[in-house]
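Structure file start_21.csv (CSV, C-alpha atoms (C1' of nucleotides)) is printed below.
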```csv
chain,number,residue,atom,x,y,z
A,1,MET,CA,-34.4,19.8,-1.0
A,2,LEU,CA,-32.7,16.7,-2.3
A,3,VAL,CA,-29.1,15.7,-1.6
A,4,ILE,CA,-27.3,13.0,-3.4
A,5,TYR,CA,-24.0,11.7,-2.2
A,6,GLY,CA,-21.8,8.7,-3.1
A,7,PRO,CA,-18.4,7.6,-4.2
A,8,THR,CA,-17.1,8.3,-7.7
A,9,ALA,CA,-18.7,6.3,-10.5
A,10,THR,CA,-21.9,5.4,-8.8
A,11,GLY,CA,-24.0,7.5,-11.2
A,12,LYS,CA,-24.9,10.3,-8.9
A,13,THR,CA,-25.2,12.9,-11.6
A,14,ASN,CA,-27.2,10.7,-13.9
A,15,LEU,CA,-29.6,10.0,-11.1
A,16,ALA,CA,-29.7,13.7,-10.2
A,17,ILE,CA,-30.5,14.7,-13.8
A,18,LYS,CA,-33.3,12.1,-14.0
A,19,LEU,CA,-34.8,13.3,-10.8
A,20,ALA,CA,-34.5,16.9,-11.9
A,21,LYS,CA,-36.4,16.1,-15.0
A,22,LYS,CA,-39.1,14.4,-13.0
A,23,PHE,CA,-39.5,17.0,-10.2
A,24,ASN,CA,-38.6,20.2,-12.1
A,25,GLY,CA,-35.3,20.6,-10.4
A,26,GLU,CA,-31.9,22.2,-10.8
A,27,LEU,CA,-28.6,20.8,-9.7
A,28,ILE,CA,-25.9,22.2,-7.4
A,29,SER,CA,-22.6,20.4,-7.6
A,30,ALA,CA,-20.9,19.6,-4.3
A,31,ASP,CA,-17.5,18.8,-5.6
A,32,SER,CA,-14.3,20.5,-4.5
A,33,ARG,CA,-12.6,20.1,-7.9
A,34,GLN,CA,-15.5,20.8,-10.2
A,35,VAL,CA,-15.4,24.4,-9.0
A,36,LEU,CA,-12.2,24.9,-10.9
A,37,ARG,CA,-12.4,26.5,-14.4
A,38,GLY,CA,-10.8,24.5,-17.2
A,39,LEU,CA,-10.6,21.3,-15.2
A,40,ASP,CA,-13.4,19.6,-17.1
A,41,ILE,CA,-12.5,16.1,-18.2
A,42,GLY,CA,-10.5,15.2,-15.1
A,43,THR,CA,-13.2,16.3,-12.7
A,44,GLY,CA,-15.9,14.6,-14.7
A,45,LYS,CA,-17.8,17.8,-15.4
A,46,VAL,CA,-18.2,16.7,-19.0
A,47,SER,CA,-19.8,13.4,-19.9
A,48,PHE,CA,-19.3,12.3,-23.4
A,49,ASP,CA,-22.7,10.9,-24.3
A,50,VAL,CA,-24.8,13.9,-23.4
A,51,LYS,CA,-25.2,17.4,-24.6
A,52,VAL,CA,-23.3,20.0,-22.5
A,53,GLU,CA,-23.6,23.8,-22.8
A,54,LYS,CA,-21.5,26.2,-20.7
A,55,HIS,CA,-23.1,29.4,-19.6
A,56,LYS,CA,-22.1,32.1,-17.3
A,57,GLY,CA,-22.9,31.0,-13.8
A,58,PHE,CA,-24.2,27.5,-14.7
A,59,TRP,CA,-23.9,24.7,-17.2
A,60,ILE,CA,-26.7,22.9,-18.9
A,61,VAL,CA,-26.2,19.2,-19.1
A,62,ASP,CA,-28.7,17.1,-20.8
A,63,GLY,CA,-31.2,19.9,-20.6
A,64,ILE,CA,-30.7,20.4,-16.8
A,65,LYS,CA,-29.2,23.4,-15.2
A,66,ILE,CA,-26.1,22.7,-13.0
A,67,ARG,CA,-24.6,25.3,-10.7
A,68,GLY,CA,-21.4,25.0,-8.7
A,69,PHE,CA,-19.0,24.6,-11.6
A,70,ASP,CA,-16.3,27.1,-12.5
A,71,LEU,CA,-16.4,29.1,-9.4
A,72,ALA,CA,-12.6,29.6,-9.1
A,73,ASN,CA,-9.6,29.9,-11.4
A,74,PRO,CA,-6.9,27.3,-11.3
A,75,GLY,CA,-4.4,28.3,-8.7
A,76,GLU,CA,-6.9,30.3,-6.6
A,77,PRO,CA,-7.8,29.1,-3.2
A,78,PHE,CA,-11.3,27.7,-2.7
A,79,SER,CA,-12.7,26.3,0.6
A,80,VAL,CA,-15.8,25.0,2.1
A,81,ALA,CA,-16.6,28.5,3.2
A,82,ASP,CA,-16.8,29.5,-0.5
A,83,PHE,CA,-18.8,26.5,-1.2
A,84,LEU,CA,-21.4,27.3,1.4
A,85,TYR,CA,-21.6,30.9,0.2
A,86,HIS,CA,-22.2,29.9,-3.4
A,87,THR,CA,-24.5,27.1,-2.5
A,88,SER,CA,-26.7,29.2,-0.3
A,89,ALA,CA,-27.0,31.8,-3.0
A,90,SER,CA,-27.9,29.1,-5.5
A,91,MET,CA,-30.5,27.7,-3.2
A,92,ILE,CA,-32.2,31.0,-3.0
A,93,GLN,CA,-32.3,31.5,-6.7
A,94,ILE,CA,-33.6,28.0,-7.4
A,95,THR,CA,-36.2,28.2,-4.8
A,96,LYS,CA,-37.3,31.6,-6.0
A,97,ALA,CA,-37.7,30.1,-9.5
A,98,ASN,CA,-40.0,27.6,-7.9
A,99,LYS,CA,-37.8,24.7,-8.6
A,100,LEU,CA,-36.4,21.8,-6.6
A,101,PRO,CA,-32.8,22.2,-5.5
A,102,ILE,CA,-30.8,19.0,-5.9
A,103,ILE,CA,-27.4,19.0,-4.4
A,104,VAL,CA,-25.2,16.3,-5.8
A,105,GLY,CA,-21.6,15.5,-5.3
A,106,GLY,CA,-18.8,13.4,-3.9
A,107,THR,CA,-17.2,15.8,-1.5
A,108,GLY,CA,-18.4,14.5,1.8
A,109,PHE,CA,-17.0,17.4,3.8
A,110,TYR,CA,-19.0,19.9,1.7
A,111,ILE,CA,-22.2,18.0,2.1
A,112,LYS,CA,-21.7,17.6,5.8
A,113,ALA,CA,-20.9,21.3,6.1
A,114,PHE,CA,-24.0,22.3,4.2
A,115,ILE,CA,-26.3,19.9,6.1
A,116,ASP,CA,-24.9,20.4,9.7
A,117,GLY,CA,-23.1,23.8,9.5
A,118,ILE,CA,-19.7,24.6,10.7
A,119,ASN,CA,-18.9,26.4,13.9
A,120,SER,CA,-15.7,28.0,13.0
A,121,ILE,CA,-16.8,29.0,9.6
A,122,GLY,CA,-16.3,32.7,10.2
A,123,ILE,CA,-12.6,32.4,10.9
A,124,PRO,CA,-10.7,32.9,7.7
A,125,ALA,CA,-7.5,31.3,6.6
A,126,ASP,CA,-4.4,33.1,7.5
A,127,GLN,CA,-1.9,32.4,4.7
A,128,LYS,CA,1.0,34.1,6.5
A,129,LEU,CA,0.5,32.1,9.6
A,130,ARG,CA,0.1,28.9,7.6
A,131,SER,CA,3.3,29.2,5.7
A,132,LYS,CA,5.1,30.0,9.0
A,133,LEU,CA,3.6,27.0,10.7
A,134,GLU,CA,4.2,24.7,7.8
A,135,LYS,CA,7.9,24.6,8.7
A,136,LEU,CA,7.1,22.9,12.0
A,137,SER,CA,6.7,19.2,12.7
A,138,ALA,CA,3.5,17.7,13.7
A,139,ALA,CA,4.8,17.2,17.3
A,140,GLU,CA,5.8,20.9,17.5
A,141,LEU,CA,2.4,22.0,16.1
A,142,TYR,CA,0.6,19.9,18.6
A,143,GLN,CA,2.7,21.4,21.5
A,144,ASN,CA,1.8,24.8,20.1
A,145,LEU,CA,-1.9,24.1,20.0
A,146,LYS,CA,-1.8,22.6,23.5
A,147,GLU,CA,-0.4,25.9,24.9
A,148,LEU,CA,-3.0,27.9,23.0
A,149,ASP,CA,-6.1,25.7,23.6
A,150,ARG,CA,-5.6,22.8,25.8
A,151,LYS,CA,-9.1,21.5,25.5
A,152,ARG,CA,-9.1,21.5,21.7
A,153,ALA,CA,-5.7,19.8,21.7
A,154,GLU,CA,-7.0,17.0,23.9
A,155,LEU,CA,-10.1,16.5,21.9
A,156,MET,CA,-8.1,15.7,18.8
A,157,ASN,CA,-7.8,12.1,17.9
A,158,GLN,CA,-4.6,10.2,17.4
A,159,SER,CA,-4.6,10.6,13.6
A,160,ASP,CA,-5.4,14.4,13.7
A,161,ARG,CA,-2.7,15.0,16.2
A,162,GLN,CA,-0.2,14.0,13.6
A,163,ASN,CA,-1.9,15.8,10.7
A,164,PRO,CA,-0.1,19.1,10.1
A,165,ARG,CA,-3.0,20.6,8.1
A,166,ARG,CA,-5.6,19.9,10.8
A,167,LEU,CA,-3.2,21.1,13.5
A,168,ILE,CA,-2.5,24.3,11.6
A,169,ARG,CA,-6.1,25.1,11.2
A,170,ALA,CA,-6.8,24.4,14.9
A,171,ILE,CA,-4.0,26.8,15.8
A,172,GLU,CA,-5.4,29.4,13.4
A,173,ILE,CA,-8.7,29.2,15.1
A,174,ALA,CA,-7.2,29.3,18.6
A,175,LEU,CA,-5.2,32.4,17.8
A,176,HIS,CA,-8.3,34.0,16.2
A,177,ASN,CA,-10.4,33.3,19.3
A,178,GLN,CA,-7.7,34.7,21.5
A,179,LYS,CA,-7.7,38.0,19.6
A,180,GLN,CA,-11.5,38.1,19.8
A,181,VAL,CA,-11.5,37.6,23.5
A,182,ALA,CA,-8.9,40.3,23.9
A,183,GLY,CA,-11.0,42.7,21.9
A,184,LYS,CA,-14.1,41.6,23.7
A,185,ARG,CA,-16.1,41.4,20.6
A,186,LYS,CA,-17.4,38.0,20.9
A,187,GLN,CA,-19.7,37.2,18.1
A,188,SER,CA,-21.2,34.1,16.6
A,189,THR,CA,-18.9,32.6,14.0
A,190,ARG,CA,-21.7,30.5,12.5
A,191,ASN,CA,-22.8,32.0,9.3
A,192,HIS,CA,-24.7,29.1,8.0
A,193,LEU,CA,-27.6,27.5,9.7
A,194,PRO,CA,-28.0,23.7,9.5
A,195,ALA,CA,-30.4,22.5,6.9
A,196,THR,CA,-33.4,20.7,8.4
A,197,ASN,CA,-35.7,19.8,5.6
A,198,TYR,CA,-33.9,17.5,3.2
A,199,LEU,CA,-33.8,14.0,1.8
A,200,LEU,CA,-30.3,12.6,1.7
A,201,ILE,CA,-29.8,9.8,-0.8
A,202,GLY,CA,-26.6,7.8,-0.7
A,203,LEU,CA,-25.4,5.7,-3.6
A,204,THR,CA,-23.0,2.8,-2.9
A,205,ALA,CA,-21.7,-0.4,-4.3
A,206,PRO,CA,-19.1,-3.1,-3.4
A,207,ASN,CA,-15.5,-2.1,-3.7
A,208,ASN,CA,-14.7,-4.4,-6.6
A,209,PHE,CA,-17.6,-3.2,-8.6
A,210,LEU,CA,-16.6,0.4,-8.1
A,211,TYR,CA,-12.9,-0.3,-8.9
A,212,SER,CA,-13.6,-1.8,-12.3
A,213,LYS,CA,-16.1,1.0,-13.1
A,214,VAL,CA,-13.7,3.7,-12.1
A,215,ASP,CA,-10.9,2.1,-14.2
A,216,LYS,CA,-13.1,2.0,-17.3
A,217,TRP,CA,-14.2,5.5,-16.8
A,218,LEU,CA,-10.6,6.6,-16.5
A,219,GLN,CA,-9.7,4.8,-19.7
A,220,THR,CA,-12.4,6.6,-21.7
A,221,ARG,CA,-11.3,9.9,-20.4
A,222,LEU,CA,-7.7,9.2,-21.2
A,223,ASP,CA,-8.9,8.3,-24.7
A,224,ARG,CA,-10.9,11.5,-24.9
A,225,GLY,CA,-8.3,14.1,-24.2
A,226,LEU,CA,-7.6,14.0,-20.4
A,227,ILE,CA,-3.9,14.2,-20.9
A,228,GLU,CA,-4.2,17.1,-23.4
A,229,GLU,CA,-6.3,18.9,-20.8
A,230,VAL,CA,-3.6,18.6,-18.2
A,231,ARG,CA,-0.9,19.5,-20.7
A,232,SER,CA,-2.8,22.6,-21.7
A,233,LEU,CA,-3.1,23.7,-18.1
A,234,LEU,CA,0.6,23.3,-17.7
A,235,ASP,CA,1.2,25.3,-20.9
A,236,GLN,CA,-0.9,28.1,-19.5
A,237,GLY,CA,1.6,28.4,-16.8
A,238,ILE,CA,-0.4,26.9,-14.0
A,239,ASP,CA,1.8,25.8,-11.1
A,240,PRO,CA,2.6,22.1,-11.3
A,241,ASP,CA,2.8,21.9,-7.5
A,242,TRP,CA,-0.7,23.3,-7.3
A,243,LEU,CA,-1.9,20.7,-9.8
A,244,ASP,CA,-0.1,18.0,-7.9
A,245,ASN,CA,-1.9,19.0,-4.7
A,246,LEU,CA,-5.3,18.5,-6.3
A,247,GLY,CA,-4.6,14.8,-6.3
A,248,LEU,CA,-5.8,12.0,-8.6
A,249,GLU,CA,-5.7,12.7,-12.3
A,250,TYR,CA,-4.2,16.1,-12.1
A,251,ARG,CA,-1.5,14.9,-9.8
A,252,TRP,CA,-0.4,11.8,-11.8
A,253,LEU,CA,-0.7,13.3,-15.2
A,254,THR,CA,1.3,16.3,-14.2
A,255,ARG,CA,4.0,14.0,-12.9
A,256,TYR,CA,3.9,12.0,-16.1
A,257,LEU,CA,4.0,15.1,-18.3
A,258,LYS,CA,6.8,16.5,-16.2
A,259,GLY,CA,8.8,13.3,-16.9
A,260,GLN,CA,8.8,12.2,-13.3
A,261,VAL,CA,7.1,8.9,-13.9
A,262,ALA,CA,6.5,6.7,-16.9
A,263,ARG,CA,3.0,6.8,-18.4
A,264,ASP,CA,1.9,3.3,-17.5
A,265,ILE,CA,3.2,3.7,-13.9
A,266,ALA,CA,1.3,7.0,-13.6
A,267,VAL,CA,-1.9,5.4,-14.8
A,268,GLU,CA,-1.4,2.4,-12.4
A,269,ARG,CA,-0.8,4.7,-9.4
A,270,LEU,CA,-3.7,6.9,-10.4
A,271,LYS,CA,-6.0,3.9,-10.4
A,272,GLY,CA,-4.8,3.0,-7.0
A,273,ASP,CA,-5.4,6.5,-5.7
A,274,ILE,CA,-8.9,6.6,-7.1
A,275,HIS,CA,-9.6,3.2,-5.5
A,276,ASN,CA,-8.4,4.6,-2.2
A,277,PHE,CA,-10.5,7.7,-2.7
A,278,THR,CA,-13.7,5.8,-3.3
A,279,ARG,CA,-13.1,3.9,0.0
A,280,ARG,CA,-12.6,7.2,1.8
A,281,GLN,CA,-15.7,8.5,0.3
A,282,LYS,CA,-17.6,5.6,1.7
A,283,THR,CA,-16.5,6.4,5.2
A,284,TRP,CA,-18.7,9.5,5.1
A,285,PHE,CA,-21.8,7.5,5.1
A,286,LYS,CA,-21.6,7.0,8.8
A,287,GLN,CA,-21.4,10.8,9.3
A,288,PHE,CA,-24.8,11.2,7.7
A,289,LYS,CA,-27.3,10.0,10.2
A,290,ARG,CA,-30.3,10.5,8.0
A,291,ILE,CA,-28.9,9.1,4.8
A,292,LYS,CA,-30.9,6.6,2.7
A,293,LEU,CA,-28.4,4.2,1.2
A,294,PHE,CA,-29.0,2.4,-2.1
A,295,ASP,CA,-26.7,-0.3,-3.5
A,296,ILE,CA,-26.7,0.2,-7.2
A,297,THR,CA,-25.7,-3.4,-7.8
A,298,GLU,CA,-29.0,-4.6,-6.3
A,299,LYS,CA,-31.6,-5.3,-8.9
A,300,ASN,CA,-34.5,-3.3,-7.4
A,301,TRP,CA,-32.7,-0.3,-6.0
A,302,GLN,CA,-34.5,2.1,-8.2
A,303,ASP,CA,-37.9,0.8,-7.2
A,304,LYS,CA,-36.9,1.2,-3.5
A,305,LEU,CA,-35.7,4.7,-4.3
A,306,GLU,CA,-39.0,5.6,-6.0
A,307,LYS,CA,-40.8,4.4,-2.8
A,308,THR,CA,-38.6,6.5,-0.6
A,309,LEU,CA,-39.2,9.6,-2.8
A,310,HIS,CA,-42.9,9.0,-2.8
A,311,VAL,CA,-43.1,8.7,1.0
A,312,CYS,CA,-41.0,11.8,1.4
A,313,TYR,CA,-43.1,13.8,-1.1
A,314,THR,CA,-46.3,12.8,0.6
A,315,GLN,CA,-45.0,13.8,4.0
A,316,ASN,CA,-43.9,17.2,2.8
A,317,ARG,CA,-47.2,17.8,1.1
A,318,ASP,CA,-49.1,16.9,4.2
A,319,ASP,CA,-46.9,19.2,6.3
A,320,GLY,CA,-47.7,21.9,3.8
A,321,GLN,CA,-44.0,22.7,3.3
A,322,GLY,CA,-43.5,21.8,-0.3
A,323,THR,CA,-40.5,19.7,-1.3
A,324,SER,CA,-37.8,22.1,-0.4
B,1,G,C1',25.8,-31.5,-19.6
B,2,C,C1',29.2,-28.0,-17.0
B,3,C,C1',30.1,-23.3,-14.3
B,4,G,C1',28.1,-19.2,-11.8
B,5,G,C1',23.9,-16.3,-9.6
B,6,G,C1',19.2,-16.5,-7.3
B,7,A,C1',14.7,-18.3,-4.8
B,8,U,C1',11.7,-13.5,1.1
B,9,G,C1',4.0,-11.7,2.2
B,10,G,C1',-0.8,-10.7,-3.5
B,11,C,C1',3.3,-7.8,-6.3
B,12,A,C1',8.0,-5.5,-6.0
B,13,G,C1',12.0,-5.4,-2.8
B,14,A,C1',15.9,-4.3,1.6
B,15,G,C1',18.7,-6.1,5.5
B,16,G,C1',21.3,-8.7,9.2
B,17,U,C1',28.2,-13.2,8.9
B,18,G,C1',22.2,-18.3,14.3
B,19,G,C1',18.8,-15.9,19.4
B,20,U,C1',11.0,-14.8,19.8
B,21,C,C1',14.3,-11.7,12.5
B,22,A,C1',12.0,-9.1,8.9
B,23,A,C1',12.3,-2.3,6.4
B,24,C,C1',10.1,0.6,2.7
B,25,G,C1',6.8,1.0,-1.4
B,26,C,C1',2.4,-0.9,-4.2
B,27,A,C1',-2.1,-3.6,-3.8
B,28,C,C1',-5.9,-4.8,-0.4
B,29,C,C1',-8.8,-3.7,4.2
B,30,C,C1',-10.4,-0.3,8.2
B,31,G,C1',-10.7,4.5,10.0
B,32,U,C1',-10.2,10.2,11.0
B,33,C,C1',-12.6,14.6,9.3
B,34,U,C1',-15.9,21.7,11.4
B,35,G,C1',-12.3,27.3,5.9
B,36,A,C1',-6.5,23.0,1.5
B,37,A,C1',-11.0,17.6,1.9
B,38,A,C1',-9.7,14.3,-5.2
B,39,A,C1',-6.1,17.2,0.2
B,40,A,C1',-3.9,15.8,4.7
B,41,C,C1',-3.4,12.1,8.5
B,42,G,C1',-3.9,7.3,11.6
B,43,G,C1',-4.4,1.9,11.9
B,44,G,C1',-4.4,-3.2,9.9
B,45,C,C1',-3.1,-7.5,6.7
B,46,U,C1',-0.2,-11.6,4.6
B,47,A,C1',6.4,-14.1,3.9
B,48,U,C1',11.8,-16.5,4.2
B,49,G,C1',10.9,-22.6,-2.7
B,50,U,C1',10.9,-28.2,-1.0
B,51,C,C1',13.1,-32.0,2.0
B,52,A,C1',16.8,-33.5,5.3
B,53,G,C1',21.1,-32.3,8.5
B,54,U,C1',24.2,-29.5,12.2
B,55,U,C1',22.5,-26.8,16.7
B,56,C,C1',19.6,-25.7,22.9
B,57,G,C1',17.9,-22.6,18.8
B,58,A,C1',18.3,-21.4,11.6
B,59,U,C1',15.5,-16.9,7.8
B,60,U,C1',20.9,-16.7,8.4
B,61,C,C1',25.3,-22.7,8.3
B,62,U,C1',25.6,-27.8,5.3
B,63,G,C1',23.5,-31.2,1.7
B,64,A,C1',20.0,-32.9,-1.8
B,65,C,C1',15.9,-31.7,-4.8
B,66,U,C1',12.7,-28.3,-7.7
B,67,C,C1',12.3,-23.9,-10.4
B,68,C,C1',14.4,-19.3,-12.5
B,69,C,C1',18.4,-16.2,-14.7
B,70,G,C1',23.2,-15.6,-17.0
B,71,G,C1',27.7,-17.8,-19.3
B,72,C,C1',30.1,-22.2,-21.4
B,73,A,C1',29.2,-26.4,-24.2
```
Written form, structure tokens:
Amino acid sequence: MLVIYGPTATGKTNLAIKLAKKFNGELISADSRQVLRGLDIGTGKVSFDVKVEKHKGFWIVDGIKIRGFDLANPGEPFSVADFLYHTSASMIQITKANKLPIIVGGTGFYIKAFIDGINSIGIPADQKLRSKLEKLSAAELYQNLKELDRKRAELMNQSDRQNPRRLIRAIEIALHNQKQVAGKRKQSTRNHLPATNYLLIGLTAPNNFLYSKVDKWLQTRLDRGLIEEVRSLLDQGIDPDWLDNLGLEYRWLTRYLKGQVARDIAVERLKGDIHNFTRRQKTWFKQFKRIKLFDITEKNWQDKLEKTLHVCYTQNRDDGQGTS
RNA sequence: GCCGGGAUGGCAGAGGUGGUCAACGCACCCGUCUGAAAAACGGGCUAUGUCAGUUCGAUUCUGACUCCCGGCA
């Protein structure tokens, strides 16, 4: 299979579609916000210069099937676990149809999880516990965790020790494990095996290049109904706090529509947040040991990519394993 | 021309009535990441308009200059 990762606005989807056409492939989106129904413009699910058809279970964009959109309703929780579940199912279907699966997206965590697996994946979120723990400070949470699982607590780095969400999850896991041990039903919590046979392509570019591209892309979406999309979500009664927590366009346009910030300020801050986001997306590159990086501002990057694909294809054929 | 107010990092902006000053936010840079990940969290960066004076020591006091903002002419 093929995996394509990179920050916003590097042209991942375009590349993926191109390759899908060439290799008889289908796409699976790895994007934590594109899974949400009705969030189309802000998440970049729609592109304005290409034909888009929505079907049940998949979209067809520029003639290519894309899965992984519209898996949850706004307001519903969705997590990596759900992503892995859906993606595994999609993989099977695509492979059965004798097509090449191409996973494409900007959510590094999801890609990482799919490629390497997650140990604690079987341990579900405990909403009651979470809302109880949310009242505690990071320091208190850390103390809590230390008492439950000293080793885990000590393994956390300085930043995570001050991160309530990470601490709460760690406590959640520790409590779960405690129960399991007490009940003596130790079982493997890994329900997803790491992927082994894949080619991971990373798209990158210098910050300044990305920033100006992102700003332009935002502008065209603002001109093409992004604000109306957010307004209509609010009109449907979707919780503004939930929208705010999504970040980026949904956060800032909600704040603007709620009258909390002026429009031009909202747009400025939004740009800043997107810039920050692209930088954070880049930090995932180092997590992916086998990634093949291509700088899209280099003149010959596509030729280099062709070469890489060719090598990979030949190797797989010689191994008799196909391209998946 | 006169009177008053002001000049703080890339931007915005707070404070302390002389003691290695220098908040917060934005921008920018770097990073963390195993069921919220477009989230959450950690780290970094750059400053007191110019010149002189008082002083052991001035960002804080004095003077001149430059520029800006009000008001009067």
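Within 12 Å of chain A, and counting only C-alpha atoms (C1' of nucleotides), chain B contributes G25, C26, A27, C28, C29, C30, G31, U32, C33, U34, G35, A36, A37, A38, A39, A40, C41, G42 and G43 of chain B.
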Can you report as lines of an AutoDock Vina configuration file the centre and edge lengths in Å, to one decimal, of an axis-aligned box around the listed atoms of range 43-52 of chain B padded with 5 Å on each side?
```
center_x = 6.2
center_y = -15.8
center_z = 4.6
size_x = 31.2
size_y = 45.4
size_z = 24.6
```
Atom pair C1' of A58 in chain B / C1' of U17 in chain B: separation (Å):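 Computed distance, C1' of A58 in chain B to C1' of U17 in chain B, equals 13.1 Å.
One finds CA of Lys18 in chain A at 26.9 Å from CA of Asp223 in chain A.
If you count only C-alpha atoms (C1' of nucleotides) and draw a sphere of 10 Å around (2.2, 29.7, 11.9), the protein and nucleic acid residues inside it come out as Asp126, Gln127, Lys128, Leu129, Arg130, Ser131, Lys132, Leu133, Glu134, Lys135, Leu136, Leu141, Asn144, Ile168, Arg169, Ile171, Glu172 and Leu175 of chain A.
Relative to CA of Ser29 in chain A, CA of Arg67 in chain A is found at 6.1 Å.
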